[in-house]
There are 2 protein chains.
Amino acid sequence: MKREELYLGIDLGGVSVRAAVVDAAGHVLGQEKHRLLSKEPPQVAEAVLRAAKTACGAAGMPFSEMKGMGLGVAGMIDREQGLVRSAPTLGWRDVPFIKLLQARTPRTPLWIASELSVSAWGERAVGGGRGVDDLIVVLVGSNIGAGIVMAGKLYEGASGSAGDLGHVQVMPNGRLCSCGQRGCLEAYAGGQNLAAWARDDLRIAMAAARAAGERHPAVGRKLIDLVGEPEKVSVAAMEKAAHEGDDLSRRLLEEAGRLLGMALANLVTMLNPARLLLGGGVLLGSPRMTRAAIAGVDAHATKSSRAAVQISAPELGEQAGVVGAALLARESLSVAA
Amino acid sequence: MKREELYLGIDLGGVSVRAAVVDAAGHVLGQEKHRLLSKEPPQVAEAVLRAAKTACGAAGMPFSEMKGMGLGVAGMIDREQGLVRSAPTLGWRDVPFIKLLQARTPRTPLWIASELSVSAWGERAVGGGRGVDDLIVVLVGSNIGAGIVMAGKLYEGASGSAGDLGHVQVMPNGRLCSCGQRGCLEAYAGGQNLAAWARDDLRIAMAAARAAGERHPAVGRKLIDLVGEPEKVSVAAMEKAAHEGDDLSRRLLEEAGRLLGMALANLVTMLNPARLLLGGGVLLGSPRMTRAAIAGVDAHATKSSRAAVQISAPELGEQAGVVGAALLARESLSVAA
């Protein structure tokens, strides 16, 4: 019996690297997750290879038998040049990462794409977007981004920054975003920013209550009871408080969902996808915000584009990246061959 | 000497059909424009063939020697099924137009796409987007739409409605749009809507002036002097009045440009094109609105996507459609062969 061809998938974030041995059906046969001890590119390249080899060990396969390795990196990528143009969480700009890695494993065919792209590719191959040629995968966490598959191909744009949904403008002269602009979607609906928004509001409400000699703030009372102090506010706590009737939490989750929904509606109108997958930690943790976002798409996308799109959730969870990276490498090798 | 292979390009709008014989370099060797006397699909198919044959005559070539015919239709198209899903200016829904046409000319290979798509394809082949793989062509007239080329391929979405830029939402609960939504870009920046907006404002200002016993309205005086009565307002008149200092015209052209710029900025951020062509009658007629739109992209697109995109104008004018349709047919035939 012919031995099955296996590929490695790598998911490289700012804090850790995950490696997996993946078969043609997208099954993970062995995997490994390392914390990154250094963010220097050569050390990261070593860490990637260590994780890859450990994953091979876990799968009971020698590294030398891997047909190729695909990498998804959290950042903007120049796929053809194998360049990481910008990876904020690693502090990288224009790092020729494929070259660094290739020097350490000359015989392994390598591919690279953004983490969002490989995740979308994984969902498209074996997850919530199986077989869908026009697919958008939106992940809402601290950052907000989209992986885009169009006409069956991954689309990353002219310089690798397509899908930067977190920085579309949803509020003229709105809240300041970490990118320096005002009114970006991420300034409202990104997890940390949304929690910070609630903290700001809570502090104002508590100061007003103190000044008026009241025991309780006029809004956000259930939220503050739940977390104890404003610093402890998280999206999960807001969802819980909202469920218990907290006005401030409800208002902010629904407003963040509404703004996300508006941005998604415009995306659906412009790109007319067949499927939209909504995931990421913030949406996983807040059904309320997810509902508001979908209601926004219902209300604001054109009828014809709304009718053409099915909205559901990603299915691969945190393995989407490694699975997608490995399957992208597999596909690229078979196309090139 | 081998005779050059020639293709026909057809541009079918709601009022007229244009046909041209086009060579490989995109030159028009002969053309014809008919007004449509009927909008019934069989009659339109006859009119298309008549125009095509007249264009062949003008080029001094028999129709039978044409290698194929490409059609651009103002509407939403299902390219693979040869179906016009929706063409509002023709009053069509789900018309199998390629079938109707094929029955009348069984030996001519036929292709169909939206008018916006074929125009974008023409600009990409021999116009302002020559050789650019990631190109967006935005046309602002009475309607606003975008033709999208990504990774060198035309992209029309899962059901043919990609590029529907006129119906992205730019103003929560804003002006009513003809599509039934509120706050669509087209409700502000589409030519007829923009002129109607100025007319509404002028009527209010004139009524207020009359009520106060004033001879002149507080705003829009130069505009009303220029056109005589509110009914005569056009975008061209607004541009002229703005140039002469008219406050109302300046305000509205700049606001329409600002909203267009915001929508374009979000498009550039999401799709990261290498080139954006801005054209159509309204922008051609209003340098002021065009400047405001570009300023909006400068201000609101992410730095990396703004740096990657060059903004300029289409070059083929009203021949973009026929040229693009013919070149798309040429390309499709050579790919299929």
# chains A, B, ... in the order shown; residues from 1 in each chain; ligands from 1
>>> closest_atom_pairs(of="chain A", to="chain B", cutoff="7 Å", atoms="only C-alpha atoms", output="JSON lines")
{"residue": "A:Asp134", "atom": "CA", "partner": "B:Ala158", "partner_atom": "CA", "distance": 6.1}
{"residue": "A:Gly157", "atom": "CA", "partner": "B:Asn272", "partner_atom": "CA", "distance": 4.7}
{"residue": "A:Ala158", "atom": "CA", "partner": "B:Ala274", "partner_atom": "CA", "distance": 5.3}
{"residue": "A:Ser159", "atom": "CA", "partner": "B:Ala308", "partner_atom": "CA", "distance": 6.4}
{"residue": "A:Ser161", "atom": "CA", "partner": "B:Asn272", "partner_atom": "CA", "distance": 5.9}
{"residue": "A:Ala162", "atom": "CA", "partner": "B:Leu271", "partner_atom": "CA", "distance": 4.6}
{"residue": "A:Gly163", "atom": "CA", "partner": "B:Met270", "partner_atom": "CA", "distance": 4.8}
{"residue": "A:Asp164", "atom": "CA", "partner": "B:Met270", "partner_atom": "CA", "distance": 5.3}
{"residue": "A:Leu165", "atom": "CA", "partner": "B:Met270", "partner_atom": "CA", "distance": 6.0}
{"residue": "A:His167", "atom": "CA", "partner": "B:Thr302", "partner_atom": "CA", "distance": 6.8}
{"residue": "A:Val168", "atom": "CA", "partner": "B:Asn266", "partner_atom": "CA", "distance": 5.0}
{"residue": "A:Gln169", "atom": "CA", "partner": "B:Asn266", "partner_atom": "CA", "distance": 6.6}
{"residue": "A:Asn266", "atom": "CA", "partner": "B:Val168", "partner_atom": "CA", "distance": 5.0}
{"residue": "A:Thr269", "atom": "CA", "partner": "B:Asp164", "partner_atom": "CA", "distance": 6.1}
{"residue": "A:Met270", "atom": "CA", "partner": "B:Gly163", "partner_atom": "CA", "distance": 4.8}
{"residue": "A:Leu271", "atom": "CA", "partner": "B:Ala162", "partner_atom": "CA", "distance": 4.6}
{"residue": "A:Asn272", "atom": "CA", "partner": "B:Gly157", "partner_atom": "CA", "distance": 4.7}
{"residue": "A:Pro273", "atom": "CA", "partner": "B:Ala158", "partner_atom": "CA", "distance": 5.4}
{"residue": "A:Ala274", "atom": "CA", "partner": "B:Ala158", "partner_atom": "CA", "distance": 5.3}
{"residue": "A:His300", "atom": "CA", "partner": "B:Gln169", "partner_atom": "CA", "distance": 7.0}
{"residue": "A:Thr302", "atom": "CA", "partner": "B:His167", "partner_atom": "CA", "distance": 6.8}
{"residue": "A:Ser305", "atom": "CA", "partner": "B:Ser161", "partner_atom": "CA", "distance": 6.5}
{"residue": "A:Ala308", "atom": "CA", "partner": "B:Ser159", "partner_atom": "CA", "distance": 6.4}
>>> write_last_selection(atoms="C-alpha atoms", output="PDB file, in the first residue's frame")
ATOM      1  CA  ASP A 134     -16.957  32.434  -2.658  1.00  0.00           C
ATOM      2  CA  GLY A 157      -4.730  41.787  -2.383  1.00  0.00           C
ATOM      3  CA  ALA A 158      -2.009  43.648  -4.235  1.00  0.00           C
ATOM      4  CA  SER A 159       0.225  43.995  -1.182  1.00  0.00           C
ATOM      5  CA  SER A 161      -3.473  43.504   3.218  1.00  0.00           C
ATOM      6  CA  ALA A 162      -6.866  42.509   1.824  1.00  0.00           C
ATOM      7  CA  GLY A 163      -9.355  41.501   4.493  1.00  0.00           C
ATOM      8  CA  ASP A 164      -8.392  44.245   6.928  1.00  0.00           C
ATOM      9  CA  LEU A 165     -11.980  44.529   8.128  1.00  0.00           C
ATOM     10  CA  HIS A 167      -9.928  49.126   9.965  1.00  0.00           C
ATOM     11  CA  VAL A 168     -12.886  49.956   7.803  1.00  0.00           C
ATOM     12  CA  GLN A 169     -14.461  53.152   9.086  1.00  0.00           C
ATOM     13  CA  ASN A 266     -21.360  46.403   3.079  1.00  0.00           C
ATOM     14  CA  THR A 269     -23.158  43.839  -0.808  1.00  0.00           C
ATOM     15  CA  MET A 270     -19.777  44.488  -2.440  1.00  0.00           C
ATOM     16  CA  LEU A 271     -18.448  40.933  -2.676  1.00  0.00           C
ATOM     17  CA  ASN A 272     -21.616  38.845  -2.924  1.00  0.00           C
ATOM     18  CA  PRO A 273     -20.173  35.745  -1.201  1.00  0.00           C
ATOM     19  CA  ALA A 274     -22.024  32.448  -1.017  1.00  0.00           C
ATOM     20  CA  HIS A 300     -28.459  46.613   5.475  1.00  0.00           C
ATOM     21  CA  THR A 302     -28.891  44.435  -0.580  1.00  0.00           C
ATOM     22  CA  SER A 305     -26.647  39.671  -1.937  1.00  0.00           C
ATOM     23  CA  ALA A 308     -27.185  34.579  -1.878  1.00  0.00           C
TER      24      ALA A 308
END
>>> residues_around(residues="Gly190 in chain B", least_positions_apart="5", cutoff="9 Å", atoms="only C-alpha atoms", output="PDB file with N, CA, C and O atoms, in the first residue's frame")
ATOM      1  N   VAL B 140     -19.464  56.414 -11.563  1.00  0.00           N
ATOM      2  CA  VAL B 140     -20.488  57.171 -10.858  1.00  0.00           C
ATOM      3  C   VAL B 140     -21.304  57.945 -11.884  1.00  0.00           C
ATOM      4  O   VAL B 140     -20.804  58.894 -12.497  1.00  0.00           O
ATOM      5  N   GLY B 141     -22.514  57.493 -12.102  1.00  0.00           N
ATOM      6  CA  GLY B 141     -23.446  58.196 -12.982  1.00  0.00           C
ATOM      7  C   GLY B 141     -24.741  58.326 -12.208  1.00  0.00           C
ATOM      8  O   GLY B 141     -24.711  58.617 -11.008  1.00  0.00           O
ATOM      9  N   SER B 142     -25.872  58.071 -12.852  1.00  0.00           N
ATOM     10  CA  SER B 142     -27.115  58.006 -12.078  1.00  0.00           C
ATOM     11  C   SER B 142     -27.017  56.848 -11.098  1.00  0.00           C
ATOM     12  O   SER B 142     -27.467  56.922  -9.966  1.00  0.00           O
ATOM     13  N   ASN B 143     -26.420  55.766 -11.576  1.00  0.00           N
ATOM     14  CA  ASN B 143     -26.123  54.633 -10.694  1.00  0.00           C
ATOM     15  C   ASN B 143     -24.646  54.617 -10.380  1.00  0.00           C
ATOM     16  O   ASN B 143     -23.841  55.232 -11.075  1.00  0.00           O
ATOM     17  N   ILE B 144     -24.311  53.893  -9.306  1.00  0.00           N
ATOM     18  CA  ILE B 144     -22.904  53.777  -8.915  1.00  0.00           C
ATOM     19  C   ILE B 144     -22.568  52.304  -8.812  1.00  0.00           C
ATOM     20  O   ILE B 144     -23.262  51.547  -8.130  1.00  0.00           O
ATOM     21  N   GLY B 166     -23.074  51.233  -5.107  1.00  0.00           N
ATOM     22  CA  GLY B 166     -24.093  52.254  -4.876  1.00  0.00           C
ATOM     23  C   GLY B 166     -24.983  51.948  -3.689  1.00  0.00           C
ATOM     24  O   GLY B 166     -25.598  52.846  -3.114  1.00  0.00           O
ATOM     25  N   LEU B 185     -25.077  54.860  -0.542  1.00  0.00           N
ATOM     26  CA  LEU B 185     -24.203  55.821  -1.207  1.00  0.00           C
ATOM     27  C   LEU B 185     -24.889  56.475  -2.396  1.00  0.00           C
ATOM     28  O   LEU B 185     -24.798  57.691  -2.599  1.00  0.00           O
ATOM     29  N   ALA B 195     -28.631  65.762  -7.677  1.00  0.00           N
ATOM     30  CA  ALA B 195     -29.344  66.939  -8.199  1.00  0.00           C
ATOM     31  C   ALA B 195     -30.670  67.140  -7.466  1.00  0.00           C
ATOM     32  O   ALA B 195     -31.049  68.271  -7.140  1.00  0.00           O
ATOM     33  N   ALA B 256     -21.178  64.807  -0.978  1.00  0.00           N
ATOM     34  CA  ALA B 256     -21.334  63.597  -1.807  1.00  0.00           C
ATOM     35  C   ALA B 256     -19.965  62.971  -2.057  1.00  0.00           C
ATOM     36  O   ALA B 256     -19.804  61.742  -1.985  1.00  0.00           O
ATOM     37  N   VAL B 282     -20.863  61.603 -13.653  1.00  0.00           N
ATOM     38  CA  VAL B 282     -20.902  62.544 -12.538  1.00  0.00           C
ATOM     39  C   VAL B 282     -19.488  62.999 -12.160  1.00  0.00           C
ATOM     40  O   VAL B 282     -19.225  64.194 -11.987  1.00  0.00           O
TER      41      VAL B 282
END
>>> residues_around(residues="range 233-236 of chain A", least_positions_apart="3", cutoff="9 Å", atoms="only C-alpha atoms", output="PDB file with all heavy atoms, in the first residue's frame")
ATOM      1  N   GLY A 191     -12.193  42.950  20.881  1.00  0.00           N
ATOM      2  CA  GLY A 191     -12.456  42.548  22.260  1.00  0.00           C
ATOM      3  C   GLY A 191     -11.899  43.499  23.311  1.00  0.00           C
ATOM      4  O   GLY A 191     -12.615  43.951  24.206  1.00  0.00           O
ATOM      5  N   GLN A 192     -10.624  43.810  23.210  1.00  0.00           N
ATOM      6  CA  GLN A 192     -10.017  44.674  24.231  1.00  0.00           C
ATOM      7  C   GLN A 192     -10.611  46.074  24.194  1.00  0.00           C
ATOM      8  O   GLN A 192     -10.817  46.710  25.235  1.00  0.00           O
ATOM      9  CB  GLN A 192      -8.503  44.725  24.043  1.00  0.00           C
ATOM     10  CG  GLN A 192      -7.853  43.383  24.375  1.00  0.00           C
ATOM     11  CD  GLN A 192      -6.341  43.412  24.162  1.00  0.00           C
ATOM     12  OE1 GLN A 192      -5.738  44.468  24.019  1.00  0.00           O
ATOM     13  NE2 GLN A 192      -5.730  42.237  24.153  1.00  0.00           N
ATOM     14  N   LEU A 194     -13.614  46.924  23.143  1.00  0.00           N
ATOM     15  CA  LEU A 194     -14.990  46.889  23.622  1.00  0.00           C
ATOM     16  C   LEU A 194     -15.021  46.861  25.159  1.00  0.00           C
ATOM     17  O   LEU A 194     -15.788  47.600  25.796  1.00  0.00           O
ATOM     18  CB  LEU A 194     -15.698  45.665  23.029  1.00  0.00           C
ATOM     19  CG  LEU A 194     -17.133  45.373  23.446  1.00  0.00           C
ATOM     20  CD1 LEU A 194     -18.034  46.587  23.265  1.00  0.00           C
ATOM     21  CD2 LEU A 194     -17.693  44.181  22.655  1.00  0.00           C
ATOM     22  N   ALA A 195     -14.131  46.057  25.740  1.00  0.00           N
ATOM     23  CA  ALA A 195     -14.055  46.011  27.210  1.00  0.00           C
ATOM     24  C   ALA A 195     -13.595  47.364  27.761  1.00  0.00           C
ATOM     25  O   ALA A 195     -14.095  47.841  28.792  1.00  0.00           O
ATOM     26  CB  ALA A 195     -13.120  44.888  27.652  1.00  0.00           C
ATOM     27  N   ALA A 196     -12.647  48.005  27.065  1.00  0.00           N
ATOM     28  CA  ALA A 196     -12.154  49.315  27.521  1.00  0.00           C
ATOM     29  C   ALA A 196     -13.264  50.368  27.463  1.00  0.00           C
ATOM     30  O   ALA A 196     -13.371  51.238  28.333  1.00  0.00           O
ATOM     31  CB  ALA A 196     -10.969  49.756  26.659  1.00  0.00           C
ATOM     32  N   ALA A 198     -16.457  49.783  27.840  1.00  0.00           N
ATOM     33  CA  ALA A 198     -17.332  49.540  28.996  1.00  0.00           C
ATOM     34  C   ALA A 198     -16.680  50.054  30.283  1.00  0.00           C
ATOM     35  O   ALA A 198     -17.344  50.639  31.144  1.00  0.00           O
ATOM     36  CB  ALA A 198     -17.646  48.048  29.112  1.00  0.00           C
ATOM     37  N   ARG A 199     -15.372  49.853  30.417  1.00  0.00           N
ATOM     38  CA  ARG A 199     -14.659  50.350  31.607  1.00  0.00           C
ATOM     39  C   ARG A 199     -14.753  51.865  31.711  1.00  0.00           C
ATOM     40  O   ARG A 199     -15.021  52.407  32.777  1.00  0.00           O
ATOM     41  CB  ARG A 199     -13.177  49.959  31.520  1.00  0.00           C
ATOM     42  CG  ARG A 199     -12.879  48.580  32.023  1.00  0.00           C
ATOM     43  CD  ARG A 199     -11.395  48.410  32.296  1.00  0.00           C
ATOM     44  NE  ARG A 199     -10.582  48.406  31.092  1.00  0.00           N
ATOM     45  CZ  ARG A 199     -10.362  47.325  30.334  1.00  0.00           C
ATOM     46  NH1 ARG A 199     -10.910  46.170  30.658  1.00  0.00           N
ATOM     47  NH2 ARG A 199      -9.609  47.406  29.278  1.00  0.00           N
ATOM     48  N   LEU A 223     -23.116  44.895  36.057  1.00  0.00           N
ATOM     49  CA  LEU A 223     -21.768  44.610  35.565  1.00  0.00           C
ATOM     50  C   LEU A 223     -20.742  44.862  36.662  1.00  0.00           C
ATOM     51  O   LEU A 223     -19.859  44.030  36.896  1.00  0.00           O
ATOM     52  CB  LEU A 223     -21.463  45.469  34.325  1.00  0.00           C
ATOM     53  CG  LEU A 223     -20.086  45.277  33.686  1.00  0.00           C
ATOM     54  CD1 LEU A 223     -19.869  43.841  33.228  1.00  0.00           C
ATOM     55  CD2 LEU A 223     -19.905  46.239  32.490  1.00  0.00           C
ATOM     56  N   ILE A 224     -20.876  45.956  37.367  1.00  0.00           N
ATOM     57  CA  ILE A 224     -19.886  46.264  38.410  1.00  0.00           C
ATOM     58  C   ILE A 224     -20.028  45.287  39.583  1.00  0.00           C
ATOM     59  O   ILE A 224     -19.035  44.853  40.174  1.00  0.00           O
ATOM     60  CB  ILE A 224     -19.952  47.751  38.851  1.00  0.00           C
ATOM     61  CG1 ILE A 224     -18.704  48.130  39.661  1.00  0.00           C
ATOM     62  CG2 ILE A 224     -21.200  48.070  39.650  1.00  0.00           C
ATOM     63  CD1 ILE A 224     -17.442  48.178  38.854  1.00  0.00           C
ATOM     64  N   LEU A 226     -20.808  42.270  39.247  1.00  0.00           N
ATOM     65  CA  LEU A 226     -20.250  41.001  38.772  1.00  0.00           C
ATOM     66  C   LEU A 226     -18.725  40.987  38.794  1.00  0.00           C
ATOM     67  O   LEU A 226     -18.103  39.996  39.195  1.00  0.00           O
ATOM     68  CB  LEU A 226     -20.751  40.747  37.343  1.00  0.00           C
ATOM     69  CG  LEU A 226     -20.481  39.385  36.722  1.00  0.00           C
ATOM     70  CD1 LEU A 226     -21.346  38.325  37.400  1.00  0.00           C
ATOM     71  CD2 LEU A 226     -20.795  39.420  35.227  1.00  0.00           C
ATOM     72  N   VAL A 227     -18.109  42.087  38.369  1.00  0.00           N
ATOM     73  CA  VAL A 227     -16.645  42.087  38.215  1.00  0.00           C
ATOM     74  C   VAL A 227     -15.919  42.711  39.405  1.00  0.00           C
ATOM     75  O   VAL A 227     -14.712  42.542  39.548  1.00  0.00           O
ATOM     76  CB  VAL A 227     -16.206  42.809  36.915  1.00  0.00           C
ATOM     77  CG1 VAL A 227     -16.730  42.066  35.691  1.00  0.00           C
ATOM     78  CG2 VAL A 227     -16.668  44.262  36.897  1.00  0.00           C
ATOM     79  N   GLY A 228     -16.634  43.456  40.237  1.00  0.00           N
ATOM     80  CA  GLY A 228     -15.995  44.048  41.407  1.00  0.00           C
ATOM     81  C   GLY A 228     -15.374  45.404  41.141  1.00  0.00           C
ATOM     82  O   GLY A 228     -15.634  46.355  41.848  1.00  0.00           O
ATOM     83  N   GLU A 229     -14.547  45.500  40.119  1.00  0.00           N
ATOM     84  CA  GLU A 229     -13.959  46.796  39.779  1.00  0.00           C
ATOM     85  C   GLU A 229     -13.837  46.916  38.263  1.00  0.00           C
ATOM     86  O   GLU A 229     -13.687  45.902  37.570  1.00  0.00           O
ATOM     87  CB  GLU A 229     -12.580  46.943  40.434  1.00  0.00           C
ATOM     88  CG  GLU A 229     -11.698  45.712  40.227  1.00  0.00           C
ATOM     89  CD  GLU A 229     -10.322  45.866  40.878  1.00  0.00           C
ATOM     90  OE1 GLU A 229      -9.816  47.009  40.894  1.00  0.00           O
ATOM     91  OE2 GLU A 229      -9.760  44.860  41.337  1.00  0.00           O
ATOM     92  N   PRO A 230     -13.891  48.151  37.754  1.00  0.00           N
ATOM     93  CA  PRO A 230     -13.912  48.354  36.297  1.00  0.00           C
ATOM     94  C   PRO A 230     -12.756  47.651  35.576  1.00  0.00           C
ATOM     95  O   PRO A 230     -12.954  47.140  34.472  1.00  0.00           O
ATOM     96  CB  PRO A 230     -13.800  49.878  36.154  1.00  0.00           C
ATOM     97  CG  PRO A 230     -14.419  50.417  37.391  1.00  0.00           C
ATOM     98  CD  PRO A 230     -14.066  49.430  38.476  1.00  0.00           C
ATOM     99  N   GLU A 239     -21.225  39.936  28.566  1.00  0.00           N
ATOM    100  CA  GLU A 239     -22.277  39.050  28.053  1.00  0.00           C
ATOM    101  C   GLU A 239     -23.092  38.490  29.220  1.00  0.00           C
ATOM    102  O   GLU A 239     -24.321  38.432  29.176  1.00  0.00           O
ATOM    103  CB  GLU A 239     -21.654  37.911  27.232  1.00  0.00           C
ATOM    104  CG  GLU A 239     -22.661  36.910  26.676  1.00  0.00           C
ATOM    105  CD  GLU A 239     -23.484  37.445  25.490  1.00  0.00           C
ATOM    106  OE1 GLU A 239     -23.104  38.476  24.913  1.00  0.00           O
ATOM    107  OE2 GLU A 239     -24.513  36.818  25.164  1.00  0.00           O
ATOM    108  N   LYS A 240     -22.382  38.079  30.282  1.00  0.00           N
ATOM    109  CA  LYS A 240     -23.062  37.512  31.448  1.00  0.00           C
ATOM    110  C   LYS A 240     -23.970  38.565  32.095  1.00  0.00           C
ATOM    111  O   LYS A 240     -25.138  38.305  32.408  1.00  0.00           O
ATOM    112  CB  LYS A 240     -22.005  37.016  32.444  1.00  0.00           C
ATOM    113  CG  LYS A 240     -22.527  36.269  33.631  1.00  0.00           C
ATOM    114  CD  LYS A 240     -21.566  35.162  34.068  1.00  0.00           C
ATOM    115  CE  LYS A 240     -22.191  34.299  35.161  1.00  0.00           C
ATOM    116  NZ  LYS A 240     -21.857  34.797  36.529  1.00  0.00           N
ATOM    117  N   ALA A 241     -23.416  39.766  32.279  1.00  0.00           N
ATOM    118  CA  ALA A 241     -24.201  40.836  32.899  1.00  0.00           C
ATOM    119  C   ALA A 241     -25.404  41.196  32.026  1.00  0.00           C
ATOM    120  O   ALA A 241     -26.508  41.432  32.533  1.00  0.00           O
ATOM    121  CB  ALA A 241     -23.321  42.062  33.135  1.00  0.00           C
ATOM    122  N   SER A 249     -24.112  46.886  29.617  1.00  0.00           N
ATOM    123  CA  SER A 249     -23.537  45.778  28.845  1.00  0.00           C
ATOM    124  C   SER A 249     -24.368  45.494  27.601  1.00  0.00           C
ATOM    125  O   SER A 249     -23.832  45.283  26.511  1.00  0.00           O
ATOM    126  CB  SER A 249     -23.455  44.514  29.705  1.00  0.00           C
ATOM    127  OG  SER A 249     -22.642  44.757  30.824  1.00  0.00           O
ATOM    128  N   LEU A 253     -22.785  45.885  23.817  1.00  0.00           N
ATOM    129  CA  LEU A 253     -22.685  44.686  22.978  1.00  0.00           C
ATOM    130  C   LEU A 253     -23.539  44.840  21.723  1.00  0.00           C
ATOM    131  O   LEU A 253     -23.139  44.446  20.627  1.00  0.00           O
ATOM    132  CB  LEU A 253     -23.123  43.438  23.748  1.00  0.00           C
ATOM    133  CG  LEU A 253     -22.168  42.967  24.842  1.00  0.00           C
ATOM    134  CD1 LEU A 253     -22.821  41.858  25.668  1.00  0.00           C
ATOM    135  CD2 LEU A 253     -20.847  42.476  24.250  1.00  0.00           C
ATOM    136  N   VAL A 282     -14.385  36.773  20.536  1.00  0.00           N
ATOM    137  CA  VAL A 282     -15.402  37.728  20.990  1.00  0.00           C
ATOM    138  C   VAL A 282     -16.801  37.248  20.595  1.00  0.00           C
ATOM    139  O   VAL A 282     -17.723  37.251  21.411  1.00  0.00           O
ATOM    140  CB  VAL A 282     -15.110  39.138  20.429  1.00  0.00           C
ATOM    141  CG1 VAL A 282     -16.312  40.052  20.601  1.00  0.00           C
ATOM    142  CG2 VAL A 282     -13.886  39.722  21.124  1.00  0.00           C
ATOM    143  N   GLY A 285     -17.897  34.251  22.472  1.00  0.00           N
ATOM    144  CA  GLY A 285     -18.268  34.577  23.858  1.00  0.00           C
ATOM    145  C   GLY A 285     -19.507  35.433  23.968  1.00  0.00           C
ATOM    146  O   GLY A 285     -20.030  35.631  25.062  1.00  0.00           O
ATOM    147  N   SER A 286     -19.990  35.969  22.858  1.00  0.00           N
ATOM    148  CA  SER A 286     -21.150  36.855  22.950  1.00  0.00           C
ATOM    149  C   SER A 286     -22.199  36.588  21.881  1.00  0.00           C
ATOM    150  O   SER A 286     -22.237  37.213  20.830  1.00  0.00           O
ATOM    151  CB  SER A 286     -20.724  38.330  22.882  1.00  0.00           C
ATOM    152  OG  SER A 286     -21.881  39.161  22.949  1.00  0.00           O
TER     153      SER A 286
END
>>> atom_distance(atom1="CA of Arg330 in chain B", atom2="CA of Pro42 in chain B")
25.4 Å
>>> closest_residue(among="A:Gly30, A:Gly70, A:Gly245, A:Gly14", to="Ser332 in chain A", atoms="only C-alpha atoms")
A:Gly70
>>> atom_distance(atom1="CA of Glu255 in chain A", atom2="CA of Leu283 in chain A")
13.6 Å
>>> closest_residue(among="A:Met289, A:Val138, A:Leu276, A:Ala45", to="His243 in chain A", atoms="only C-alpha atoms")
A:Met289
>>> select_by_dssp(residues="range 150-247 of chain B", states="helix (DSSP H, G or I)", output="PyMOL selection string")
chain B and resi 165-167+185-189+191-211+221-227+230-232+235-243+247
>>> select_by_dssp(residues="range 65-243 of chain A", states="strand (DSSP E or B)", output="VMD selection string")
chain A and resid 69 to 73 76 to 78 83 to 87 92 to 95 110 to 114 135 to 140 144 to 150 153 to 154 169 176 182 184
>>> closest_residue(among="B:Glu5, B:Trp92, B:Arg18, B:Val84", to="Glu40 in chain B", atoms="only C-alpha atoms")
B:Trp92
>>> atom_distance(atom1="CA of Ala325 in chain A", atom2="CA of Gln310 in chain A")
24.6 Å
>>> closest_residue(among="A:Gln31, A:Gln81, A:Ser64, A:Gln102", to="Val17 in chain A", atoms="only C-alpha atoms")
A:Gln31
>>> residues_around(residues="Ala320 in chain A", least_positions_apart="4", cutoff="9 Å", atoms="only C-alpha atoms", output="list in words")
Asp11, Val118, Ser119, Ala120, Trp121, Gly122, Glu123, Gly127, Pro314, Glu315, Leu316, Gly324 and Ala325 of chain A
>>> closest_residue(among="B:Ala47, B:Val15, B:Val22, B:Leu37", to="Thr89 in chain B", atoms="only C-alpha atoms")
B:Val15
>>> residues_around(residues="range 114-116 of chain A", least_positions_apart="3", cutoff="6 Å", atoms="only C-alpha atoms", output="list in words")
Gly72, Val73, Ala74, Gly75, Ile77, Ser119 and Gly147 of chain A
